[in-house]
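Below: target21.csv (CSV, C-alpha atoms)
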```
chain,number,residue,atom,x,y,z
L,10,MET,CA,-35.2,67.6,-20.0
L,11,SER,CA,-36.2,65.1,-17.3
L,12,GLY,CA,-34.7,61.7,-18.1
L,13,GLY,CA,-35.0,62.4,-21.8
L,14,ARG,CA,-38.8,63.0,-21.7
L,15,THR,CA,-40.6,66.3,-22.3
L,16,TRP,CA,-44.1,67.1,-21.1
L,17,SER,CA,-46.9,68.9,-22.9
L,18,ASP,CA,-48.4,72.0,-21.2
L,19,LYS,CA,-51.8,71.0,-22.6
L,20,ALA,CA,-54.3,69.1,-20.4
L,21,ASP,CA,-55.6,65.7,-21.5
L,22,GLY,CA,-58.5,63.5,-20.5
L,23,PHE,CA,-61.8,64.9,-19.5
L,24,ALA,CA,-60.1,68.2,-18.5
L,25,ALA,CA,-59.4,68.7,-22.2
L,26,THR,CA,-63.0,68.3,-23.3
L,27,GLY,CA,-66.0,70.6,-22.9
L,28,GLY,CA,-64.1,73.7,-23.8
L,29,GLY,CA,-60.7,72.6,-22.4
L,30,THR,CA,-58.5,73.7,-19.5
L,31,THR,CA,-55.8,76.3,-20.1
L,32,GLY,CA,-55.4,77.8,-16.6
L,33,GLY,CA,-53.9,81.2,-16.5
L,34,ALA,CA,-52.5,81.2,-20.1
L,35,ALA,CA,-54.5,84.3,-21.0
L,36,GLY,CA,-52.7,86.3,-18.3
L,37,PRO,CA,-49.2,87.4,-17.4
L,38,VAL,CA,-46.6,85.1,-15.9
L,39,VAL,CA,-45.4,85.9,-12.3
L,40,THR,CA,-42.9,84.2,-10.1
L,41,VAL,CA,-43.5,83.9,-6.4
L,42,THR,CA,-41.2,83.0,-3.5
L,43,ASN,CA,-43.3,84.1,-0.5
L,44,TYR,CA,-46.7,83.5,0.9
L,45,ALA,CA,-48.1,87.0,0.5
L,46,ASP,CA,-47.5,87.0,-3.2
L,47,LEU,CA,-48.8,83.5,-3.7
L,48,VAL,CA,-52.1,84.4,-2.1
L,49,LYS,CA,-52.3,87.8,-3.9
L,50,TYR,CA,-52.1,86.2,-7.4
L,51,ALA,CA,-54.0,82.9,-6.6
L,52,THR,CA,-57.0,84.9,-5.3
L,53,ALA,CA,-56.9,87.5,-8.0
L,54,SER,CA,-60.0,87.9,-10.3
L,55,THR,CA,-57.9,87.9,-13.5
L,56,PRO,CA,-55.8,85.2,-15.1
L,57,TYR,CA,-52.3,84.5,-14.0
L,58,VAL,CA,-49.6,81.9,-14.6
L,59,ILE,CA,-48.0,81.7,-11.1
L,60,LYS,CA,-44.6,80.1,-10.9
L,61,VAL,CA,-43.7,78.9,-7.4
L,62,ALA,CA,-39.9,79.0,-7.1
L,63,SER,CA,-39.4,78.1,-3.4
L,64,ALA,CA,-40.8,76.3,-0.4
L,65,ILE,CA,-43.7,78.5,0.8
L,66,THR,CA,-45.1,77.9,4.3
L,67,VAL,CA,-48.9,78.5,4.6
L,68,SER,CA,-50.3,80.5,7.5
L,69,PRO,CA,-52.3,79.6,9.5
L,70,TYR,CA,-51.4,76.0,9.6
L,71,GLY,CA,-53.8,73.8,7.6
L,72,HIS,CA,-55.3,76.7,5.6
L,73,GLU,CA,-56.4,76.0,2.1
L,74,ILE,CA,-55.7,79.0,-0.2
L,75,PRO,CA,-58.9,79.9,-2.1
L,76,VAL,CA,-57.8,79.7,-5.8
L,77,LYS,CA,-59.9,81.7,-8.2
L,78,SER,CA,-60.7,80.8,-11.9
L,79,ASP,CA,-58.2,81.0,-14.8
L,80,LYS,CA,-55.0,80.2,-12.9
L,81,THR,CA,-52.0,78.1,-13.4
L,82,LEU,CA,-50.0,77.2,-10.3
L,83,VAL,CA,-46.8,75.5,-11.3
L,84,GLY,CA,-43.6,74.7,-9.5
L,85,VAL,CA,-40.3,75.8,-11.1
L,86,GLY,CA,-38.5,72.5,-11.6
L,87,THR,CA,-38.5,70.7,-8.3
L,88,SER,CA,-38.2,73.8,-6.1
L,89,GLY,CA,-41.9,74.7,-5.7
L,90,GLN,CA,-43.4,73.5,-2.4
L,91,ILE,CA,-46.6,74.3,-0.4
L,92,VAL,CA,-45.9,73.5,3.2
L,93,GLY,CA,-48.4,73.2,6.0
L,94,GLY,CA,-51.5,74.0,3.8
L,95,GLY,CA,-53.2,73.4,0.5
L,96,PHE,CA,-55.6,74.8,-2.1
L,97,PHE,CA,-59.4,75.2,-2.2
L,98,LEU,CA,-61.4,75.6,-5.4
L,99,GLY,CA,-65.0,76.6,-4.5
L,100,THR,CA,-68.3,76.5,-6.3
L,101,GLY,CA,-68.0,78.0,-9.8
L,102,VAL,CA,-64.2,78.1,-9.9
L,103,HIS,CA,-63.1,76.8,-13.3
L,104,ASN,CA,-60.1,76.5,-15.6
L,105,VAL,CA,-57.3,75.9,-13.0
L,106,ILE,CA,-54.1,74.0,-13.4
L,107,ILE,CA,-52.1,72.9,-10.4
L,108,ARG,CA,-48.9,71.4,-11.5
L,109,ASN,CA,-45.4,70.3,-10.5
L,110,LEU,CA,-45.7,71.2,-6.8
L,111,THR,CA,-44.9,69.4,-3.6
L,112,ILE,CA,-47.9,69.9,-1.3
L,113,ARG,CA,-47.2,68.5,2.2
L,114,ASP,CA,-47.4,68.2,5.9
L,115,THR,CA,-50.6,69.2,7.7
L,116,ARG,CA,-50.9,66.2,10.0
L,117,MET,CA,-52.5,66.7,13.4
L,118,THR,CA,-51.4,63.8,15.6
L,119,GLU,CA,-54.3,64.2,18.0
L,120,ASP,CA,-56.7,63.5,15.1
L,121,ASP,CA,-55.1,60.1,14.3
L,122,PRO,CA,-56.1,57.7,13.0
L,123,ASP,CA,-59.4,58.9,11.6
L,124,ASP,CA,-58.5,62.4,10.5
L,125,LYS,CA,-62.1,63.7,11.1
L,126,ASP,CA,-61.6,66.8,13.2
L,127,TYR,CA,-59.2,68.9,11.0
L,128,ASP,CA,-60.2,69.2,7.3
L,129,TYR,CA,-56.7,70.0,6.1
L,130,ASP,CA,-56.7,68.7,2.5
L,131,GLY,CA,-53.9,69.1,-0.1
L,132,ILE,CA,-56.4,70.1,-2.8
L,133,GLN,CA,-60.2,70.4,-2.2
L,134,MET,CA,-62.7,71.1,-4.9
L,135,ASP,CA,-66.4,71.8,-4.3
L,136,THR,CA,-68.3,72.0,-7.6
L,137,ALA,CA,-65.3,73.3,-9.6
L,138,ASP,CA,-64.8,72.4,-13.2
L,139,HIS,CA,-62.1,72.1,-15.8
L,140,ILE,CA,-59.2,71.3,-13.4
L,141,TRP,CA,-55.9,69.7,-14.3
L,142,ILE,CA,-53.8,68.3,-11.4
L,143,ASP,CA,-50.5,67.1,-12.8
L,144,HIS,CA,-47.1,66.0,-11.7
L,145,ASN,CA,-47.5,67.0,-8.0
L,146,ARG,CA,-46.3,65.2,-4.9
L,147,ILE,CA,-49.0,65.3,-2.2
L,148,GLU,CA,-48.3,63.7,1.1
L,149,ARG,CA,-48.9,63.7,4.8
L,150,MET,CA,-52.0,65.9,4.9
L,151,ASN,CA,-54.4,65.6,7.8
L,152,ASP,CA,-57.7,64.8,5.9
L,153,GLY,CA,-57.4,64.0,2.2
L,154,LEU,CA,-54.6,64.4,-0.3
L,155,ILE,CA,-57.2,65.3,-3.0
L,156,ASP,CA,-61.0,65.7,-2.3
L,157,SER,CA,-63.2,66.1,-5.4
L,158,ARG,CA,-66.5,67.1,-3.8
L,159,LYS,CA,-70.0,67.9,-4.8
L,160,ASP,CA,-70.4,68.4,-8.6
L,161,THR,CA,-66.7,68.9,-9.5
L,162,SER,CA,-66.3,67.8,-13.2
L,163,TYR,CA,-64.0,67.8,-16.2
L,164,LEU,CA,-61.2,66.9,-13.9
L,165,THR,CA,-57.9,65.2,-14.9
L,166,VAL,CA,-55.5,64.0,-12.2
L,167,SER,CA,-52.3,62.7,-13.8
L,168,TRP,CA,-48.7,61.8,-13.0
L,169,ASN,CA,-48.9,62.6,-9.3
L,170,VAL,CA,-47.3,60.9,-6.3
L,171,MET,CA,-49.7,60.5,-3.4
L,172,GLY,CA,-48.7,58.8,-0.2
L,173,GLU,CA,-48.1,58.3,3.5
L,174,GLN,CA,-51.8,58.9,4.2
L,175,ASN,CA,-55.0,57.5,5.6
L,176,LYS,CA,-57.4,59.0,3.0
L,177,ALA,CA,-55.8,59.5,-0.4
L,178,PHE,CA,-58.4,60.7,-2.9
L,179,GLY,CA,-62.1,61.0,-2.2
L,180,ILE,CA,-64.7,61.7,-4.9
L,181,GLY,CA,-68.4,62.4,-4.2
L,182,TRP,CA,-70.5,64.1,-1.6
L,183,THR,CA,-73.3,64.6,-4.1
L,184,ASP,CA,-76.5,62.8,-5.1
L,185,ASN,CA,-76.1,64.0,-8.7
L,186,VAL,CA,-74.4,61.7,-11.3
L,187,THR,CA,-72.8,64.2,-13.7
L,188,ALA,CA,-69.1,64.3,-13.0
L,189,ARG,CA,-66.5,63.4,-15.6
L,190,MET,CA,-62.9,62.6,-14.6
L,191,THR,CA,-59.7,61.0,-15.8
L,192,ILE,CA,-57.2,59.6,-13.4
L,193,HIS,CA,-54.0,58.3,-15.0
L,194,HIS,CA,-50.4,57.6,-14.2
L,195,ASN,CA,-50.6,58.3,-10.5
L,196,TRP,CA,-48.5,56.5,-8.0
L,197,ILE,CA,-50.5,56.0,-4.8
L,198,HIS,CA,-48.6,54.3,-2.1
L,199,ASP,CA,-48.7,53.6,1.7
L,200,THR,CA,-52.3,54.6,2.1
L,201,ASN,CA,-55.4,53.2,3.7
L,202,GLN,CA,-58.6,54.2,2.0
L,203,ARG,CA,-60.1,56.3,-0.8
L,204,ASN,CA,-57.6,55.3,-3.6
L,205,PRO,CA,-59.9,56.7,-5.0
L,206,SER,CA,-63.4,56.2,-3.6
L,207,ILE,CA,-65.6,57.1,-6.6
L,208,ASP,CA,-69.1,58.0,-5.6
L,209,ASN,CA,-71.8,59.1,-8.2
L,210,VAL,CA,-69.4,59.8,-11.0
L,211,ALA,CA,-71.0,59.6,-14.5
L,212,PHE,CA,-67.7,58.8,-16.3
L,213,ALA,CA,-64.6,57.8,-14.2
L,214,HIS,CA,-61.7,56.6,-16.3
L,215,LEU,CA,-58.7,55.2,-14.4
L,216,TYR,CA,-55.7,53.9,-16.3
L,217,ASN,CA,-52.0,53.2,-15.8
L,218,ASN,CA,-52.0,53.9,-12.1
L,219,TYR,CA,-49.6,52.3,-9.7
L,220,MET,CA,-51.3,51.3,-6.4
L,221,GLN,CA,-48.7,50.1,-3.8
L,222,ASN,CA,-49.1,49.1,-0.1
L,223,VAL,CA,-52.8,49.9,0.4
L,224,THR,CA,-54.3,48.5,3.6
L,225,SER,CA,-58.1,49.0,3.2
L,226,TYR,CA,-59.2,49.2,-0.4
L,227,GLY,CA,-58.0,50.4,-3.8
L,228,ASN,CA,-60.4,51.6,-6.5
L,229,LEU,CA,-64.0,51.6,-5.2
L,230,SER,CA,-67.0,52.4,-7.4
L,231,ARG,CA,-69.9,53.7,-5.3
L,232,GLY,CA,-73.4,55.1,-5.7
L,233,ALA,CA,-74.3,55.1,-9.4
L,234,SER,CA,-70.7,55.5,-10.7
L,235,ARG,CA,-69.5,54.1,-14.0
L,236,THR,CA,-65.8,53.3,-13.5
L,237,VAL,CA,-63.4,52.0,-16.2
L,238,ILE,CA,-60.0,50.7,-15.0
L,239,GLU,CA,-57.3,49.9,-17.5
L,240,ASN,CA,-53.7,48.7,-17.2
L,241,THR,CA,-53.2,49.5,-13.6
L,242,TYR,CA,-50.5,47.8,-11.4
L,243,PHE,CA,-51.8,46.8,-8.0
L,244,GLN,CA,-49.0,45.7,-5.6
L,245,ASN,CA,-49.7,44.6,-2.0
L,246,VAL,CA,-53.2,46.1,-2.1
L,247,ALA,CA,-56.2,44.9,-0.1
L,248,ASN,CA,-59.4,44.8,-2.2
L,249,PRO,CA,-57.8,46.2,-5.4
L,250,TYR,CA,-61.1,47.1,-7.1
L,251,TYR,CA,-64.8,46.5,-6.6
L,252,ASN,CA,-68.3,48.1,-6.5
L,253,ASP,CA,-70.2,48.5,-3.3
L,254,THR,CA,-73.7,48.9,-4.7
L,255,SER,CA,-75.5,47.1,-7.5
L,256,ALA,CA,-76.0,50.5,-9.3
L,257,ALA,CA,-72.2,51.1,-9.4
L,258,SER,CA,-70.7,49.6,-12.5
L,259,LEU,CA,-67.0,48.8,-12.9
L,260,THR,CA,-65.1,47.2,-15.8
L,261,GLN,CA,-61.4,46.3,-15.8
L,262,SER,CA,-59.0,45.3,-18.4
L,263,GLY,CA,-55.2,44.7,-18.6
L,264,SER,CA,-54.4,45.3,-15.0
L,265,ILE,CA,-51.9,43.3,-12.9
L,266,CYS,CA,-52.3,42.3,-9.2
L,267,VAL,CA,-49.3,41.2,-7.3
L,268,SER,CA,-49.4,40.1,-3.6
L,269,CYS,CA,-53.0,41.4,-3.3
L,270,THR,CA,-55.8,40.2,-1.1
L,271,GLY,CA,-59.6,40.5,-1.1
L,272,LYS,CA,-62.0,41.7,-3.8
L,273,GLN,CA,-61.2,42.0,-7.5
L,274,GLN,CA,-64.8,42.5,-8.6
L,275,THR,CA,-66.4,43.9,-11.7
L,276,ASN,CA,-70.1,44.8,-12.3
L,277,GLY,CA,-72.3,45.7,-15.2
L,278,THR,CA,-71.4,47.9,-18.2
L,279,THR,CA,-69.6,51.2,-18.2
L,280,PHE,CA,-68.5,53.3,-21.2
L,281,LYS,CA,-65.9,53.6,-23.8
L,282,PRO,CA,-63.3,56.4,-22.9
L,283,SER,CA,-62.2,56.7,-26.5
L,284,ASP,CA,-65.6,58.0,-27.4
L,285,HIS,CA,-64.7,61.1,-25.4
L,286,TYR,CA,-60.9,61.7,-26.0
L,287,GLY,CA,-57.8,60.0,-27.4
L,288,TYR,CA,-55.3,58.4,-25.1
L,289,THR,CA,-52.5,55.8,-25.2
L,290,LEU,CA,-52.1,53.0,-22.7
L,291,ASP,CA,-48.8,51.8,-21.4
L,292,PRO,CA,-48.5,48.1,-20.6
L,293,ALA,CA,-49.4,47.5,-17.0
L,294,ALA,CA,-46.1,45.7,-16.4
L,295,ASP,CA,-44.2,48.9,-17.3
L,296,VAL,CA,-46.1,51.1,-14.9
L,297,PRO,CA,-44.1,50.8,-11.6
L,298,ALA,CA,-40.8,51.7,-13.2
L,299,LEU,CA,-42.4,54.4,-15.4
L,300,LEU,CA,-44.0,56.2,-12.5
L,301,LYS,CA,-41.1,55.9,-10.1
L,302,GLN,CA,-39.1,57.8,-12.7
L,303,TYR,CA,-41.7,60.3,-14.0
L,304,ALA,CA,-44.5,60.8,-11.5
L,305,GLY,CA,-44.3,63.9,-9.2
L,306,PRO,CA,-42.4,67.2,-9.9
L,307,GLN,CA,-40.1,67.2,-12.8
L,308,SER,CA,-37.0,69.3,-13.3
L,309,ASN,CA,-38.0,70.4,-16.8
L,310,ILE,CA,-41.6,71.6,-16.0
L,311,GLY,CA,-42.3,75.2,-15.1
L,312,ARG,CA,-39.0,76.7,-16.3
```
Could you render the structure from this file as structure tokens?
Amino acid sequence: MSGGRTWSDKADGFAATGGGTTGGAAGPVVTVTNYADLVKYATASTPYVIKVASAITVSPYGHEIPVKSDKTLVGVGTSGQIVGGGFFLGTGVHNVIIRNLTIRDTRMTEDDPDDKDYDYDGIQMDTADHIWIDHNRIERMNDGLIDSRKDTSYLTVSWNVMGEQNKAFGIGWTDNVTARMTIHHNWIHDTNQRNPSIDNVAFAHLYNNYMQNVTSYGNLSRGASRTVIENTYFQNVANPYYNDTSAASLTQSGSICVSCTGKQQTNGTTFKPSDHYGYTLDPAADVPALLKQYAGPQSNIGR
């Protein structure tokens, strides 16, 4: 057990709706400790639960491994690491769980500070669906830590640590307003922008996140997004939450802002998350301590 707390292997939030997200549960369990085996199983056409039991270096540097449908990628305790690369979930890829991994270090110093020339994301999704990203530590990537692009939907991003980054978590790159996503219990720290930037998301539910040391903006509702923020703790954040168009709605309740500057702005009407799934809110005041202990890879997951 990790500090006396156990963790369900079932997805929650929007990833649990619309048929649910089970990853590779229908297939065999394999354990990998090298790059060749990781790629072999991640790119296979059949389901697998892939346990990552060591630090695996990606080659070439910055490559995003193209994960196929019906996969679970899970670190064994705190030992699973993806170093120098990430994962890519392309159009039509569905039912994928990425869990309990450290994904790190694809910086290109010649691309600072804008990170525009080398698209080396931690996890990039382009019109994927039913994805659960849970209990990972993602940091120091060259472009985005997570990019949810195009019409990616039924996405839950939970209990992750994301930090030391210019662009943390971008959502959008589409004119369609169909995506559904839940973003909860993430510790996003020492970042600049896209924390997340939420563009044209039909239902965006953010709760119990800890935003710390953010220099440009926090939760940004863009396009025609409907964004619900609940019980988040903003600490030393510039522009904690706001909408950048009149068509983007944003409602907020129960959050705490400490040593923040700039916009704390709501707009219009959004939606009621509990119409879609059940969830339990932690008090915003408890969020920093809770996430410092329990976000990121846990010793009792993946064993």
*asked:* Restricting the calculation to only C-alpha atoms: of L:Thr278, L:Ser63, L:Asn195, L:Thr187, which residue gets closest to Gln302 of chain L?
replied: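 Checking each candidate against Gln302 of chain L, we get L:Asn195 as the closest.
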_Nearby residues (only C-alpha atoms) at most 8 Å from segment 89-104 of chain L, same-chain spacing under 6 positions excluded, as a ChimeraX atom specification_ = /L:29-33,60-68,70-80,83,110-115,129-140
_Minimum-distance residue to Tyr288 of chain L, chosen among L:Tyr44, L:Tyr242, L:Tyr216, L:Tyr303 (using only C-alpha atoms)_ =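 Looking at the shortest contact to Tyr288 of chain L, the residue is L:Tyr216.
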*Identify the residues within 7 Å of coordinate (-63.2, 67.1, -27.4) (same frame as the file), considering all atoms listed in the file, and give the answer as a ChimeraX atom specification.*
/L:25-27,285-286
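Counting all atoms listed in the file and comparing L:Asn217, L:Ser258, L:Asn209, L:Asn309, the residue that lies closest to Phe280 of chain L is L:Ser258.
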List the spatial neighbours of Leu164 of chain L as an mmCIF file with C-alpha atoms, in the coordinates of the input - criterion: any atom at most 8 Å away, all atoms listed in the file, same-chain residues fewer than 5 positions off excluded.
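Ended up saving to around_37.cif:
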```
data_model
loop_
_atom_site.group_PDB
_atom_site.id
_atom_site.type_symbol
_atom_site.label_atom_id
_atom_site.label_comp_id
_atom_site.auth_asym_id
_atom_site.auth_seq_id
_atom_site.Cartn_x
_atom_site.Cartn_y
_atom_site.Cartn_z
ATOM 1 C CA GLY L 22 -58.500 63.500 -20.500
ATOM 2 C CA PHE L 23 -61.800 64.900 -19.500
ATOM 3 C CA ALA L 24 -60.100 68.200 -18.500
ATOM 4 C CA ASP L 138 -64.800 72.400 -13.200
ATOM 5 C CA HIS L 139 -62.100 72.100 -15.800
ATOM 6 C CA ILE L 140 -59.200 71.300 -13.400
ATOM 7 C CA TRP L 141 -55.900 69.700 -14.300
ATOM 8 C CA ILE L 142 -53.800 68.300 -11.400
ATOM 9 C CA ARG L 189 -66.500 63.400 -15.600
ATOM 10 C CA MET L 190 -62.900 62.600 -14.600
ATOM 11 C CA THR L 191 -59.700 61.000 -15.800
#
```
*Using all atoms listed in the file, find the one residue out of L:Ala211, L:Val39, L:Val166, L:Leu300 that sits nearest to Thr81 of chain L.*
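Looking only at the distances to Thr81 of chain L, the closest residue turns out to be L:Val39.
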*Surrounding residues of Leu259 of chain L excluding itself and chain neighbours under 4 positions, 9 Å, only C-alpha atoms, as a ChimeraX atom specification*: /L:229-230,234-238,250-252,274-279
_For a test of reading the model, state the distance in Å between atom CA of Thr200 of chain L and atom CA of Asn228 of chain L, rounded to one decimal._
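Spanning atom CA of Thr200 of chain L to atom CA of Asn228 of chain L is a straight-line distance of 12.2 Å.
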*Could you work out how far atom CA of Gly172 of chain L lies from atom CA of Tyr127 of chain L, giving the answer in Å with one decimal?*
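Going from atom CA of Tyr127 of chain L over to atom CA of Gly172 of chain L, I get 18.4 Å.
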_Let me make sure I understand: among L:Lys281, L:Trp182, L:Pro297, L:Val223, which one has the smallest atom-to-atom distance to Trp196 of chain L if we use only C-alpha atoms?_
L:Pro297
*Tell me which of L:Pro205, L:Pro122, L:Pro292, L:Gly287 sits closest to Pro249 of chain L, counting all atoms listed in the file.*
L:Pro205
*How far is it from atom CA of Thr15 of chain L to atom CA of Leu290 of chain L, in Å with one decimal?*
17.6 Å
